[in-house]
Structures are given as C-alpha cells and as structure tokens.
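S.K.: Before I ask anything, let me first share the structure, which is written out below as structure tokens.
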Amino acid sequence: MNYSLPRGTKDILPDEVAFWHEIEQISRDLFSRYQFSEIRTPIFETTELFSRSIGDLTDIVEKEMYTFLDKGDRSLTLRPEGTAPIVRSYIQHGMFNRQRDQKLYYIGPMFRYERPQAGRFRQFHQIGVEHIGTSSPLSDAEIISLGVHLFDELGLPDLMVSINSVGCPTCRSVIEERIKQFIGDNLKNLCGDCQRRFVEQPLRILDCKKPNCDAYLSGMPDNRSSHCQECRDHFESVLSYLDALGVEFNIDPRLVRGLDYYTRTTFEILSKQLGAQNAICGGGRYDHLVQSLGGPEVPAVGFAFGMERAVMLLKDLVDTKSNGVMVYLLPIGMAQRGKLFILMDALRRAGVSCELGFEDKLKTGLKRANQLGSRFVVIYGEDEAEQNIVLVKDMGSGEQQSLAIEGVLDFFNNV
Ligand code: AMP
C-alpha cells in the first residue's frame, strides 16, 4: 500500500510555514487598521447555501463542489468560498439588528474539484474581507485599495488591478440581450459551454478563456454602454476614488468572474509573475446576496485572495526563513546530558529558545548548531563538569568564554 496526498492537495512543510505566518500576520494587522474583525465559520455548510448563492449554473456548483451526505442524510458541502457562509452567519445571528454595517475577515481552507495545475489546487486557502452594509462607491474603492495596500505591505511585485462593472439586475437584461445580438450567427462557432450559457447565462460567455471563443468575442462593444444611469454613476465614482487614492487600474470590460452573486463592481488583482493562474485576488460587489439568502436588503462588497499564490510570489523574493536557535546546548559525554537537559528547561522557561545536541562530539555538534542558525553554543564536557562550569561560544564572533553553571541563566537573560 502506497499512501500519498490526494490529487490537488499539498503539505505545507516547516520550511514554508514561515511565509504563511507572515502573510497571516500582515493581513491581520492591516485588517484591524481598517477596522475589520475576524469571523470563523464551519468548513462545511448545507449544499443549498452554495447552490443558491454562487448559482446553480456556475462551474463551481455544477462541477467543483465536494458534496456528501452525512449519516443523517443531509447534503453538506465543503465550502468552495467564504462569502456565502459569512452572509449566512450575518443573517443567522441577526448582526444587522445590532449594527447593519459589518466589516469582517476570514482566513481558511476552501475546496474545489478543479483540474490541478501550478497555482491551482483542490484544497487551497483564502484570506478574504467583506464589508456588508453599504452601497457607497467609497466602500468599493476602500476594499480595492485595501487589497493593493496589503500586497504592497507583503512586498509582492508587478501587480495590476483589473476592474469592471457587471451592472445591476435592471441593466443586466439589456446587457445580456446585447451580448446575444453581438454573437448572433456565430453561436455555432463557440464552445459547448458558451452555447449553453447563451441560453442560460449570456454574461458568463464573456469569461470564456478558450482561444477560439476569445477571438469571436474580442470585438464586442463595451457593456457599460448598456448600463443604467445609477450603475454608470456608481462605476465612475469608484474609478474616481481609486484615482484619488493613487490606485492604478485597467478597465477590463470582459471581467465578469465565476460567481452569480456579483452586481456592479468586479475586480481582480493580477500578478505578471504567476503564469496562467495569474489572479491573486478577486472580488466585487454583491448587493442582493443578503436578501436572496433570507436577510434584509443590505448591499455588500468584498474580496478573497489565494494564499498559495501569495506564497509562490513571496518565495521567489526571499530565502527560506529560519526561526534561529538562540542557544544550542552541546553535552560531550552521556553523563553530561542530564545536566544540560535540566538547564535547557530553565532557559526555555525564562523565554530563551534553545535546543539540546545529541552529537556527543564537538565538531559535528558545532556543525549542527550552525545549520540551525544558533547564536551561542553551550559546551559541557567532562572537564567542565569537574569544574562546575560551561563554555559559551558566540557563533558570530567565534569567541569563547567560561561561565559558572549557576550564572548561565543570568547571562542569557542579559544578552
Ligand atoms: P474566487 O473565490 O474564485 O474569486 O478566487 C479568489 C482567489 O482565490 C483567486 O484569485 C486565487 O488567488 C484563489 N483561488 C481560487 N481558486 C483557487 C484554486 N483552485 N487554487 C488556488 N487558489 C485559488
């Protein structure tokens, strides 16, 4: 029997974990500066929550959900995204009764049965923010600039914001009619997915990345000419606030995203260094989701970014980080181990990070201490035991001094 990882999943090994911590820490700090609070929801939810919110005809719901019956015959689904669960929670806890306006963030694993490739996994991790409670274009601009600010703080290079507006339900039917008119007789030349969407969801045709369809769609007039006045004004305001904040963007009239709940603003933050899966962050406005899941009419906007993709970019920038060991305790001779083991415990309780060496030889012990990035090595052999001292070697300067065992704790408390 050969056990290995399920396809599309990965282990995050200790060498890489430092990057994950850094991304989480910087995100948490920045979100709290922007007044977002963390929310944690279950990994699985009722299947209905996702089919209703993301849309029955989307790739996620049709093809990618990990859905199962539990022992009580309930249909449950491993969450493919974070927005619907948060909206469910917002409604279920009547958060709007206390304060309609809620700024929430989440961090955690998501699950989609996609074809794995570089930067695309079946279990992946997202960090996301949701601002529920306002339709103001200020809020769209705040969310987008928060994304840009976050990636700046992380030091991710070569990023680009793509933005579009998919309109509201009122102008959606006009937009869809125009798309159908534009495609007209060429429908037979488009792929099977596009042909199906032509009937059920014409807007999603714009999302098709297949080169043949792309060629037919590239000359399509900008949908914004079909927008109602409110949607136009809203989009113009978002763009002007972004300008005012100094956030650079490209308008991409075909950016519609793969989830049905979006209204008005949609955006992505792309990296020129990520290859085919170049979107690091995606989001937009969803003004009717709260209501469609049974809550009051409350508009909202948010984004999610993929941690695996952020780690890929960060890893290219810096070498693996090691926590480094402050003190490597190296006993020479079996009889000396117990003493250093007890000293190590006292040092750790005093807040010093340390490790005990089992090499039993000075040369190999020092080599290992070096690999671990140790600042000091405490050497304790037979001679030192007789004199009740230790040798402390500073690995930076190479200097060595002897210390009475009783003075070791004080010494490391003061370096
Ligand atoms: P979405 O939830 O589809 O709007 O995606 C938001 C972000 O999550 C994307 O820009 C990616 O960075 C990340 N993401 C989405 N799907 C995957 C996946 N299968 N594997 C890795 N990252 C993903």
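Just so we're on the same page: first chain in the structure tokens is A, next is B, and so on; residues restart at 1 for each chain, and ligands are numbered from 1 in the order they show up.
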What residues of the protein or nucleic acid chains come within 6 Å of ligand 1 when you use only C-alpha atoms and all ligand atoms? Reply as a ChimeraX atom specification.
M.R.: /A:81,112,119-122,124,126,279-283,304-306,309
S.K.: Using only C-alpha atoms, determine which residues lie at most 10 Å from Tyr286 in chain A, disregarding the query and same-chain residues fewer than 3 positions distant; provide the list as a PyMOL selection string.
M.R.: chain A and resi 83+130+132+135+168+260-266+283+289-290+298-302
S.K.: For the alpha helix (DSSP H) assignment from backbone DSSP, which residues of range 133-199 of chain A qualify? Please present them as a VMD selection string.
M.R.: chain A and resid 137 to 154 169 to 183 192 to 199
S.K.: Those same residues, written as a CSV table (one decimal), in the first residue's frame with N, CA and C atoms?
M.R.:
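What follows is the written file selection_14.csv:
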chain,number,residue,atom,x,y,z
A,137,PRO,N,-19.9,53.9,-3.3
A,137,PRO,CA,-18.7,53.6,-4.1
A,137,PRO,C,-17.4,53.8,-3.3
A,138,LEU,N,-17.5,54.5,-2.2
A,138,LEU,CA,-16.3,54.7,-1.3
A,138,LEU,C,-15.9,53.3,-0.8
A,139,SER,N,-16.9,52.5,-0.5
A,139,SER,CA,-16.6,51.2,0.1
A,139,SER,C,-15.9,50.3,-1.0
A,140,ASP,N,-16.3,50.4,-2.2
A,140,ASP,CA,-15.7,49.6,-3.3
A,140,ASP,C,-14.2,50.0,-3.4
A,141,ALA,N,-14.0,51.4,-3.4
A,141,ALA,CA,-12.6,51.9,-3.5
A,141,ALA,C,-11.8,51.5,-2.3
A,142,GLU,N,-12.4,51.5,-1.1
A,142,GLU,CA,-11.7,51.2,0.1
A,142,GLU,C,-11.2,49.7,0.0
A,143,ILE,N,-12.2,48.8,-0.4
A,143,ILE,CA,-11.8,47.4,-0.5
A,143,ILE,C,-10.7,47.1,-1.5
A,144,ILE,N,-10.8,47.8,-2.7
A,144,ILE,CA,-9.8,47.5,-3.7
A,144,ILE,C,-8.4,48.1,-3.2
A,145,SER,N,-8.5,49.3,-2.6
A,145,SER,CA,-7.2,49.9,-2.2
A,145,SER,C,-6.6,49.1,-1.0
A,146,LEU,N,-7.5,48.5,-0.2
A,146,LEU,CA,-7.0,47.6,0.9
A,146,LEU,C,-6.2,46.4,0.3
A,147,GLY,N,-6.8,45.9,-0.8
A,147,GLY,CA,-6.1,44.7,-1.4
A,147,GLY,C,-4.7,45.2,-1.9
A,148,VAL,N,-4.7,46.3,-2.6
A,148,VAL,CA,-3.4,46.8,-3.1
A,148,VAL,C,-2.4,47.1,-1.9
A,149,HIS,N,-2.9,47.8,-0.9
A,149,HIS,CA,-2.1,48.1,0.3
A,149,HIS,C,-1.5,46.8,0.9
A,150,LEU,N,-2.4,45.8,1.0
A,150,LEU,CA,-1.9,44.6,1.6
A,150,LEU,C,-0.8,43.9,0.8
A,151,PHE,N,-0.9,43.9,-0.5
A,151,PHE,CA,0.1,43.3,-1.3
A,151,PHE,C,1.4,44.1,-1.3
A,152,ASP,N,1.2,45.5,-1.2
A,152,ASP,CA,2.4,46.3,-1.0
A,152,ASP,C,3.1,46.0,0.3
A,153,GLU,N,2.3,45.8,1.3
A,153,GLU,CA,3.0,45.5,2.6
A,153,GLU,C,3.7,44.2,2.6
A,154,LEU,N,3.1,43.2,1.8
A,154,LEU,CA,3.7,41.9,1.7
A,154,LEU,C,5.0,42.0,0.8
A,169,PRO,N,-29.4,44.1,-11.6
A,169,PRO,CA,-30.4,43.3,-12.3
A,169,PRO,C,-31.2,44.0,-13.3
A,170,THR,N,-31.4,45.3,-13.1
A,170,THR,CA,-32.2,46.1,-14.1
A,170,THR,C,-31.5,46.2,-15.4
A,171,CYS,N,-30.2,46.6,-15.4
A,171,CYS,CA,-29.5,46.7,-16.7
A,171,CYS,C,-28.9,45.3,-17.2
A,172,ARG,N,-28.9,44.3,-16.3
A,172,ARG,CA,-28.4,43.0,-16.7
A,172,ARG,C,-29.1,42.5,-18.0
A,173,SER,N,-30.4,42.6,-18.0
A,173,SER,CA,-31.2,42.0,-19.1
A,173,SER,C,-30.8,42.7,-20.4
A,174,VAL,N,-30.6,44.1,-20.4
A,174,VAL,CA,-30.2,44.8,-21.6
A,174,VAL,C,-28.8,44.3,-22.0
A,175,ILE,N,-27.9,44.2,-21.0
A,175,ILE,CA,-26.5,43.7,-21.3
A,175,ILE,C,-26.6,42.4,-22.0
A,176,GLU,N,-27.4,41.5,-21.4
A,176,GLU,CA,-27.4,40.1,-22.0
A,176,GLU,C,-28.0,40.1,-23.4
A,177,GLU,N,-29.0,40.9,-23.6
A,177,GLU,CA,-29.6,41.0,-24.9
A,177,GLU,C,-28.6,41.4,-26.0
A,178,ARG,N,-27.8,42.4,-25.6
A,178,ARG,CA,-26.7,43.0,-26.5
A,178,ARG,C,-25.7,41.9,-26.8
A,179,ILE,N,-25.3,41.1,-25.7
A,179,ILE,CA,-24.3,40.0,-26.0
A,179,ILE,C,-24.9,39.0,-27.0
A,180,LYS,N,-26.2,38.7,-26.8
A,180,LYS,CA,-26.8,37.7,-27.7
A,180,LYS,C,-26.8,38.3,-29.1
A,181,GLN,N,-27.1,39.5,-29.3
A,181,GLN,CA,-27.2,40.2,-30.6
A,181,GLN,C,-25.8,40.1,-31.2
A,182,PHE,N,-24.8,40.5,-30.4
A,182,PHE,CA,-23.4,40.5,-31.0
A,182,PHE,C,-23.0,39.1,-31.5
A,183,ILE,N,-23.3,38.1,-30.7
A,183,ILE,CA,-22.9,36.8,-31.1
A,183,ILE,C,-23.6,36.3,-32.3
A,192,GLY,N,-19.0,24.4,-26.5
A,192,GLY,CA,-20.3,23.9,-25.9
A,192,GLY,C,-20.7,24.7,-24.7
A,193,ASP,N,-19.7,25.1,-23.8
A,193,ASP,CA,-20.1,25.8,-22.6
A,193,ASP,C,-20.7,27.2,-23.0
A,194,CYS,N,-20.1,27.8,-23.9
A,194,CYS,CA,-20.7,29.1,-24.4
A,194,CYS,C,-22.1,29.0,-25.0
A,195,GLN,N,-22.3,27.9,-25.7
A,195,GLN,CA,-23.6,27.7,-26.3
A,195,GLN,C,-24.6,27.5,-25.3
A,196,ARG,N,-24.3,26.8,-24.2
A,196,ARG,CA,-25.2,26.6,-23.1
A,196,ARG,C,-25.5,27.9,-22.4
A,197,ARG,N,-24.4,28.6,-22.2
A,197,ARG,CA,-24.5,29.9,-21.4
A,197,ARG,C,-25.3,30.9,-22.2
A,198,PHE,N,-25.3,30.8,-23.5
A,198,PHE,CA,-26.0,31.7,-24.4
A,198,PHE,C,-27.5,31.7,-24.0
A,199,VAL,N,-28.0,30.5,-23.7
A,199,VAL,CA,-29.4,30.4,-23.3
A,199,VAL,C,-29.6,30.8,-21.8
S.K.: Can you work out which one of A:Leu274, A:Asn186, A:Tyr113, A:Met344 has the shortest atom-to-atom distance to Glu62 in chain A, counting only C-alpha atoms?
M.R.: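 Using only C-alpha atoms, the shortest distance to Glu62 in chain A belongs to A:Tyr113.
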S.K.: Residues near range 334-341 of chain A, anyone? I mean within 8 Å using only C-alpha atoms, not counting same-chain ones fewer than 3 positions away, as a list in words.
M.R.: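 In the requested format, the answer is Leu329, Leu330, Pro331, Met344, Asp345, Leu356, Asp360, Tyr380, Gly381, Glu382 and Ala385 of chain A.
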S.K.: Just want the 12 Å neighbourhood of Met95 in chain A, counted on only C-alpha atoms, with same-chain residues fewer than 5 positions away dropped. Output as a list of chain:residue names.
M.R.: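 Here the answer would be A:Ile86, A:Val87, A:Arg88, A:Ser89, A:Tyr90, A:Arg100, A:Asp101, A:Gln102, A:Lys103, A:Leu104, A:Ile132, A:Gly133, A:Val290, A:Gly295, A:Pro296, A:Val298.
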S.K.: Just list the residues in range 59-248 of chain A DSSP gives strand (DSSP E) on the backbone, as a ChimeraX atom specification.
M.R.: /A:67-69,75-78,102-111,123-132,159-165
S.K.: With N, CA and C atoms retained, write the just-selected residues as a CSV table (one decimal), in the first residue's frame.
M.R.:
chain,number,residue,atom,x,y,z
A,67,THR,N,-19.4,17.5,-2.3
A,67,THR,CA,-20.7,17.4,-1.7
A,67,THR,C,-20.9,15.9,-1.2
A,68,PHE,N,-21.4,15.8,0.0
A,68,PHE,CA,-21.6,14.4,0.5
A,68,PHE,C,-22.9,14.4,1.4
A,69,LEU,N,-23.4,13.2,1.6
A,69,LEU,CA,-24.5,13.0,2.6
A,69,LEU,C,-23.9,12.6,3.9
A,75,SER,N,-27.5,16.8,2.9
A,75,SER,CA,-26.5,17.1,1.9
A,75,SER,C,-25.6,18.3,2.4
A,76,LEU,N,-24.3,18.0,2.5
A,76,LEU,CA,-23.4,19.0,3.0
A,76,LEU,C,-22.3,19.2,2.0
A,77,THR,N,-21.7,20.4,2.0
A,77,THR,CA,-20.6,20.7,1.0
A,77,THR,C,-19.4,21.3,1.7
A,78,LEU,N,-18.2,20.9,1.4
A,78,LEU,CA,-17.0,21.6,1.9
A,78,LEU,C,-17.0,22.9,1.2
A,102,GLN,N,-21.1,45.9,8.8
A,102,GLN,CA,-20.2,44.9,9.4
A,102,GLN,C,-19.0,44.8,8.5
A,103,LYS,N,-17.8,44.9,9.1
A,103,LYS,CA,-16.6,44.7,8.3
A,103,LYS,C,-15.9,43.4,8.9
A,104,LEU,N,-15.9,42.4,8.1
A,104,LEU,CA,-15.5,41.1,8.6
A,104,LEU,C,-14.4,40.5,7.7
A,105,TYR,N,-13.5,39.7,8.3
A,105,TYR,CA,-12.5,39.0,7.5
A,105,TYR,C,-12.4,37.5,8.0
A,106,TYR,N,-11.9,36.7,7.1
A,106,TYR,CA,-11.7,35.3,7.4
A,106,TYR,C,-10.4,34.8,6.8
A,107,ILE,N,-9.9,33.7,7.3
A,107,ILE,CA,-8.7,33.0,6.8
A,107,ILE,C,-9.0,31.5,6.9
A,108,GLY,N,-8.8,30.8,5.8
A,108,GLY,CA,-9.0,29.3,6.0
A,108,GLY,C,-9.1,28.6,4.7
A,109,PRO,N,-9.1,27.3,4.8
A,109,PRO,CA,-9.1,26.4,3.6
A,109,PRO,C,-10.5,26.4,2.8
A,110,MET,N,-10.4,26.3,1.5
A,110,MET,CA,-11.6,26.2,0.6
A,110,MET,C,-11.3,25.0,-0.3
A,111,PHE,N,-12.4,24.5,-0.9
A,111,PHE,CA,-12.3,23.2,-1.6
A,111,PHE,C,-13.1,23.3,-2.9
A,123,GLN,N,-7.7,21.7,-2.5
A,123,GLN,CA,-7.8,22.4,-1.3
A,123,GLN,C,-6.8,23.5,-1.3
A,124,PHE,N,-7.3,24.7,-1.2
A,124,PHE,CA,-6.5,25.9,-1.2
A,124,PHE,C,-6.9,26.8,-0.1
A,125,HIS,N,-6.2,27.9,0.2
A,125,HIS,CA,-6.5,28.7,1.3
A,125,HIS,C,-6.8,30.2,0.9
A,126,GLN,N,-7.8,30.7,1.4
A,126,GLN,CA,-8.1,32.1,1.1
A,126,GLN,C,-8.1,33.0,2.3
A,127,ILE,N,-7.7,34.3,2.1
A,127,ILE,CA,-7.9,35.3,3.1
A,127,ILE,C,-8.9,36.3,2.4
A,128,GLY,N,-10.0,36.6,3.1
A,128,GLY,CA,-11.0,37.5,2.5
A,128,GLY,C,-11.6,38.5,3.4
A,129,VAL,N,-12.1,39.5,2.8
A,129,VAL,CA,-12.8,40.6,3.6
A,129,VAL,C,-14.1,40.8,3.0
A,130,GLU,N,-15.1,41.2,3.9
A,130,GLU,CA,-16.4,41.5,3.4
A,130,GLU,C,-16.9,42.8,4.2
A,131,HIS,N,-17.3,43.8,3.4
A,131,HIS,CA,-17.9,44.9,4.0
A,131,HIS,C,-19.4,44.9,3.7
A,132,ILE,N,-20.2,44.5,4.7
A,132,ILE,CA,-21.6,44.3,4.5
A,132,ILE,C,-22.3,45.6,5.1
A,159,LEU,N,2.1,43.9,-9.7
A,159,LEU,CA,0.7,43.6,-9.6
A,159,LEU,C,-0.1,44.7,-10.4
A,160,MET,N,-1.3,44.3,-10.8
A,160,MET,CA,-2.1,45.1,-11.7
A,160,MET,C,-3.6,44.9,-11.3
A,161,VAL,N,-4.3,46.0,-11.2
A,161,VAL,CA,-5.7,45.9,-10.8
A,161,VAL,C,-6.6,45.9,-12.1
A,162,SER,N,-7.4,44.9,-12.3
A,162,SER,CA,-8.4,44.9,-13.4
A,162,SER,C,-9.7,45.2,-12.8
A,163,ILE,N,-10.5,46.0,-13.5
A,163,ILE,CA,-11.8,46.3,-12.9
A,163,ILE,C,-12.9,46.4,-14.0
A,164,ASN,N,-14.1,46.1,-13.6
A,164,ASN,CA,-15.3,46.2,-14.5
A,164,ASN,C,-16.5,46.4,-13.7
A,165,SER,N,-17.6,46.7,-14.3
A,165,SER,CA,-18.9,46.7,-13.7
A,165,SER,C,-19.8,45.8,-14.4
S.K.: Do a neighbour search on Ser218 in chain A at 10 Å with only C-alpha atoms, toss out local chain neighbours closer than 4 positions, and write the hits as a PyMOL selection string.
M.R.: chain A and resi 206+213-214+254
S.K.: Kindly save the residues from that selection, with C-alpha atoms included, as a tab-separated table (two decimals), in the first residue's frame.
M.R.:
chain	number	residue	atom	x	y	z
A	206	LEU	CA	-17.52	36.90	-21.63
A	213	CYS	CA	-14.17	31.84	-28.39
A	214	ASP	CA	-11.86	34.64	-27.34
A	254	ARG	CA	-14.94	41.23	-20.01
S.K.: Determine, counting only C-alpha atoms, which protein, DNA and RNA residues have an atom within 12 Å of an atom of Gly373 in chain A; residues of the same chain fewer than 2 positions away are not included. Present the result as a list in words.
M.R.: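 Skipping anything fewer than 2 positions along the chain leaves Lys321, Ser322, Asn323, Gly324, Val325, Met326, Val327, Tyr328, Ser353, Cys354, Glu355, Leu366, Lys367, Arg368, Ala369, Asn370, Gln371, Arg375, Phe376, Val377, Asp394, Met395 and Gly396 of chain A.
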S.K.: Please produce a file of those selected residues containing N, CA, C and O atoms, as a PDB file, in the first residue's frame.
M.R.:
ATOM      1  N   LYS A 321      13.022  31.329   5.585  1.00  0.00           N
ATOM      2  CA  LYS A 321      13.389  31.913   6.868  1.00  0.00           C
ATOM      3  C   LYS A 321      13.506  30.825   7.921  1.00  0.00           C
ATOM      4  O   LYS A 321      12.704  29.913   7.948  1.00  0.00           O
ATOM      5  N   SER A 322      14.500  30.958   8.782  1.00  0.00           N
ATOM      6  CA  SER A 322      14.594  30.013   9.891  1.00  0.00           C
ATOM      7  C   SER A 322      14.366  30.809  11.170  1.00  0.00           C
ATOM      8  O   SER A 322      14.779  31.953  11.269  1.00  0.00           O
ATOM      9  N   ASN A 323      13.697  30.193  12.105  1.00  0.00           N
ATOM     10  CA  ASN A 323      13.463  30.879  13.373  1.00  0.00           C
ATOM     11  C   ASN A 323      14.762  31.177  14.095  1.00  0.00           C
ATOM     12  O   ASN A 323      14.876  32.126  14.835  1.00  0.00           O
ATOM     13  N   GLY A 324      15.789  30.319  13.840  1.00  0.00           N
ATOM     14  CA  GLY A 324      17.065  30.504  14.523  1.00  0.00           C
ATOM     15  C   GLY A 324      16.974  30.044  15.973  1.00  0.00           C
ATOM     16  O   GLY A 324      15.957  30.221  16.624  1.00  0.00           O
ATOM     17  N   VAL A 325      18.044  29.415  16.419  1.00  0.00           N
ATOM     18  CA  VAL A 325      18.080  28.970  17.808  1.00  0.00           C
ATOM     19  C   VAL A 325      18.980  29.928  18.557  1.00  0.00           C
ATOM     20  O   VAL A 325      20.050  30.289  18.090  1.00  0.00           O
ATOM     21  N   MET A 326      18.551  30.371  19.694  1.00  0.00           N
ATOM     22  CA  MET A 326      19.368  31.285  20.485  1.00  0.00           C
ATOM     23  C   MET A 326      20.566  30.522  21.091  1.00  0.00           C
ATOM     24  O   MET A 326      21.704  30.942  20.964  1.00  0.00           O
ATOM     25  N   VAL A 327      20.258  29.398  21.720  1.00  0.00           N
ATOM     26  CA  VAL A 327      21.316  28.666  22.419  1.00  0.00           C
ATOM     27  C   VAL A 327      21.257  27.175  22.052  1.00  0.00           C
ATOM     28  O   VAL A 327      20.200  26.542  22.178  1.00  0.00           O
ATOM     29  N   TYR A 328      22.376  26.644  21.586  1.00  0.00           N
ATOM     30  CA  TYR A 328      22.470  25.208  21.325  1.00  0.00           C
ATOM     31  C   TYR A 328      23.287  24.595  22.455  1.00  0.00           C
ATOM     32  O   TYR A 328      24.441  24.978  22.675  1.00  0.00           O
ATOM     33  N   SER A 353      15.045  30.627  23.455  1.00  0.00           N
ATOM     34  CA  SER A 353      14.801  29.461  22.600  1.00  0.00           C
ATOM     35  C   SER A 353      16.080  28.630  22.546  1.00  0.00           C
ATOM     36  O   SER A 353      17.169  29.153  22.304  1.00  0.00           O
ATOM     37  N   CYS A 354      15.962  27.352  22.838  1.00  0.00           N
ATOM     38  CA  CYS A 354      17.172  26.527  22.819  1.00  0.00           C
ATOM     39  C   CYS A 354      16.895  25.101  22.394  1.00  0.00           C
ATOM     40  O   CYS A 354      15.746  24.670  22.318  1.00  0.00           O
ATOM     41  N   GLU A 355      17.986  24.402  22.089  1.00  0.00           N
ATOM     42  CA  GLU A 355      17.889  23.005  21.657  1.00  0.00           C
ATOM     43  C   GLU A 355      19.070  22.229  22.222  1.00  0.00           C
ATOM     44  O   GLU A 355      20.144  22.795  22.426  1.00  0.00           O
ATOM     45  N   LEU A 366      28.979  21.387  16.639  1.00  0.00           N
ATOM     46  CA  LEU A 366      29.054  22.788  16.189  1.00  0.00           C
ATOM     47  C   LEU A 366      28.476  22.947  14.772  1.00  0.00           C
ATOM     48  O   LEU A 366      27.835  23.950  14.457  1.00  0.00           O
ATOM     49  N   LYS A 367      28.680  21.912  13.970  1.00  0.00           N
ATOM     50  CA  LYS A 367      28.154  21.962  12.597  1.00  0.00           C
ATOM     51  C   LYS A 367      26.619  22.028  12.621  1.00  0.00           C
ATOM     52  O   LYS A 367      25.994  22.838  11.924  1.00  0.00           O
ATOM     53  N   ARG A 368      26.050  21.178  13.439  1.00  0.00           N
ATOM     54  CA  ARG A 368      24.578  21.150  13.558  1.00  0.00           C
ATOM     55  C   ARG A 368      24.048  22.481  14.115  1.00  0.00           C
ATOM     56  O   ARG A 368      23.055  23.026  13.650  1.00  0.00           O
ATOM     57  N   ALA A 369      24.785  23.028  15.142  1.00  0.00           N
ATOM     58  CA  ALA A 369      24.381  24.308  15.734  1.00  0.00           C
ATOM     59  C   ALA A 369      24.376  25.390  14.659  1.00  0.00           C
ATOM     60  O   ALA A 369      23.475  26.232  14.600  1.00  0.00           O
ATOM     61  N   ASN A 370      25.354  25.327  13.800  1.00  0.00           N
ATOM     62  CA  ASN A 370      25.452  26.287  12.710  1.00  0.00           C
ATOM     63  C   ASN A 370      24.281  26.165  11.741  1.00  0.00           C
ATOM     64  O   ASN A 370      23.665  27.147  11.349  1.00  0.00           O
ATOM     65  N   GLN A 371      23.957  24.912  11.390  1.00  0.00           N
ATOM     66  CA  GLN A 371      22.808  24.672  10.478  1.00  0.00           C
ATOM     67  C   GLN A 371      21.528  25.251  11.054  1.00  0.00           C
ATOM     68  O   GLN A 371      20.664  25.732  10.328  1.00  0.00           O
ATOM     69  N   ARG A 375      22.892  31.207  17.833  1.00  0.00           N
ATOM     70  CA  ARG A 375      23.748  32.357  18.171  1.00  0.00           C
ATOM     71  C   ARG A 375      24.848  31.960  19.142  1.00  0.00           C
ATOM     72  O   ARG A 375      25.935  32.486  19.091  1.00  0.00           O
ATOM     73  N   PHE A 376      24.517  31.060  20.064  1.00  0.00           N
ATOM     74  CA  PHE A 376      25.508  30.611  21.050  1.00  0.00           C
ATOM     75  C   PHE A 376      25.482  29.095  21.152  1.00  0.00           C
ATOM     76  O   PHE A 376      24.426  28.480  20.964  1.00  0.00           O
ATOM     77  N   VAL A 377      26.631  28.512  21.471  1.00  0.00           N
ATOM     78  CA  VAL A 377      26.657  27.092  21.812  1.00  0.00           C
ATOM     79  C   VAL A 377      27.220  26.973  23.232  1.00  0.00           C
ATOM     80  O   VAL A 377      28.239  27.593  23.555  1.00  0.00           O
ATOM     81  N   ASP A 394      30.297  32.109  21.193  1.00  0.00           N
ATOM     82  CA  ASP A 394      29.500  33.045  20.388  1.00  0.00           C
ATOM     83  C   ASP A 394      29.731  32.677  18.922  1.00  0.00           C
ATOM     84  O   ASP A 394      30.852  32.797  18.422  1.00  0.00           O
ATOM     85  N   MET A 395      28.692  32.216  18.236  1.00  0.00           N
ATOM     86  CA  MET A 395      28.868  31.688  16.881  1.00  0.00           C
ATOM     87  C   MET A 395      29.127  32.798  15.866  1.00  0.00           C
ATOM     88  O   MET A 395      29.602  32.535  14.766  1.00  0.00           O
ATOM     89  N   GLY A 396      28.774  34.022  16.252  1.00  0.00           N
ATOM     90  CA  GLY A 396      29.021  35.139  15.341  1.00  0.00           C
ATOM     91  C   GLY A 396      30.493  35.516  15.351  1.00  0.00           C
ATOM     92  O   GLY A 396      31.163  35.504  14.316  1.00  0.00           O
TER      93      GLY A 396
END
S.K.: Looking at A:Asn212, A:Asn414, A:Ser402, A:Gln201, which one is nearest to Gly55 in chain A, with distances taken over only C-alpha atoms?
M.R.: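 Once distances to Gly55 in chain A are computed over only C-alpha atoms, the minimum belongs to A:Gln201.
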S.K.: Could you tell me how far CA of His21 in chain A sits from CA of Asp316 in chain A, in Å to one decimal place?
M.R.: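 According to the coordinates, CA of Asp316 in chain A and CA of His21 in chain A are separated by 16.5 Å.
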S.K.: Record the distance separating CA of Tyr66 in chain A and CA of Pro80 in chain A, expressed in Å with one decimal.
M.R.: 8.1 Å
S.K.: Quote the spacing between CA of Ala350 in chain A and CA of Ser397 in chain A in Å to one decimal place.
M.R.: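 Atom-to-atom, CA of Ala350 in chain A and CA of Ser397 in chain A are spaced 24.6 Å apart.
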S.K.: Please determine, counting only C-alpha atoms, which residue among A:Val166, A:Ile54, A:Ala244, A:Met307 has the shortest atom-to-atom distance to Ser226 in chain A.
M.R.: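 Smallest distance to Ser226 in chain A is found for A:Val166.
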S.K.: With distances taken over only C-alpha atoms, which residue among A:Leu391, A:Met1, A:Val17, A:Leu203 lies nearest Leu259 in chain A?
M.R.: A:Leu203
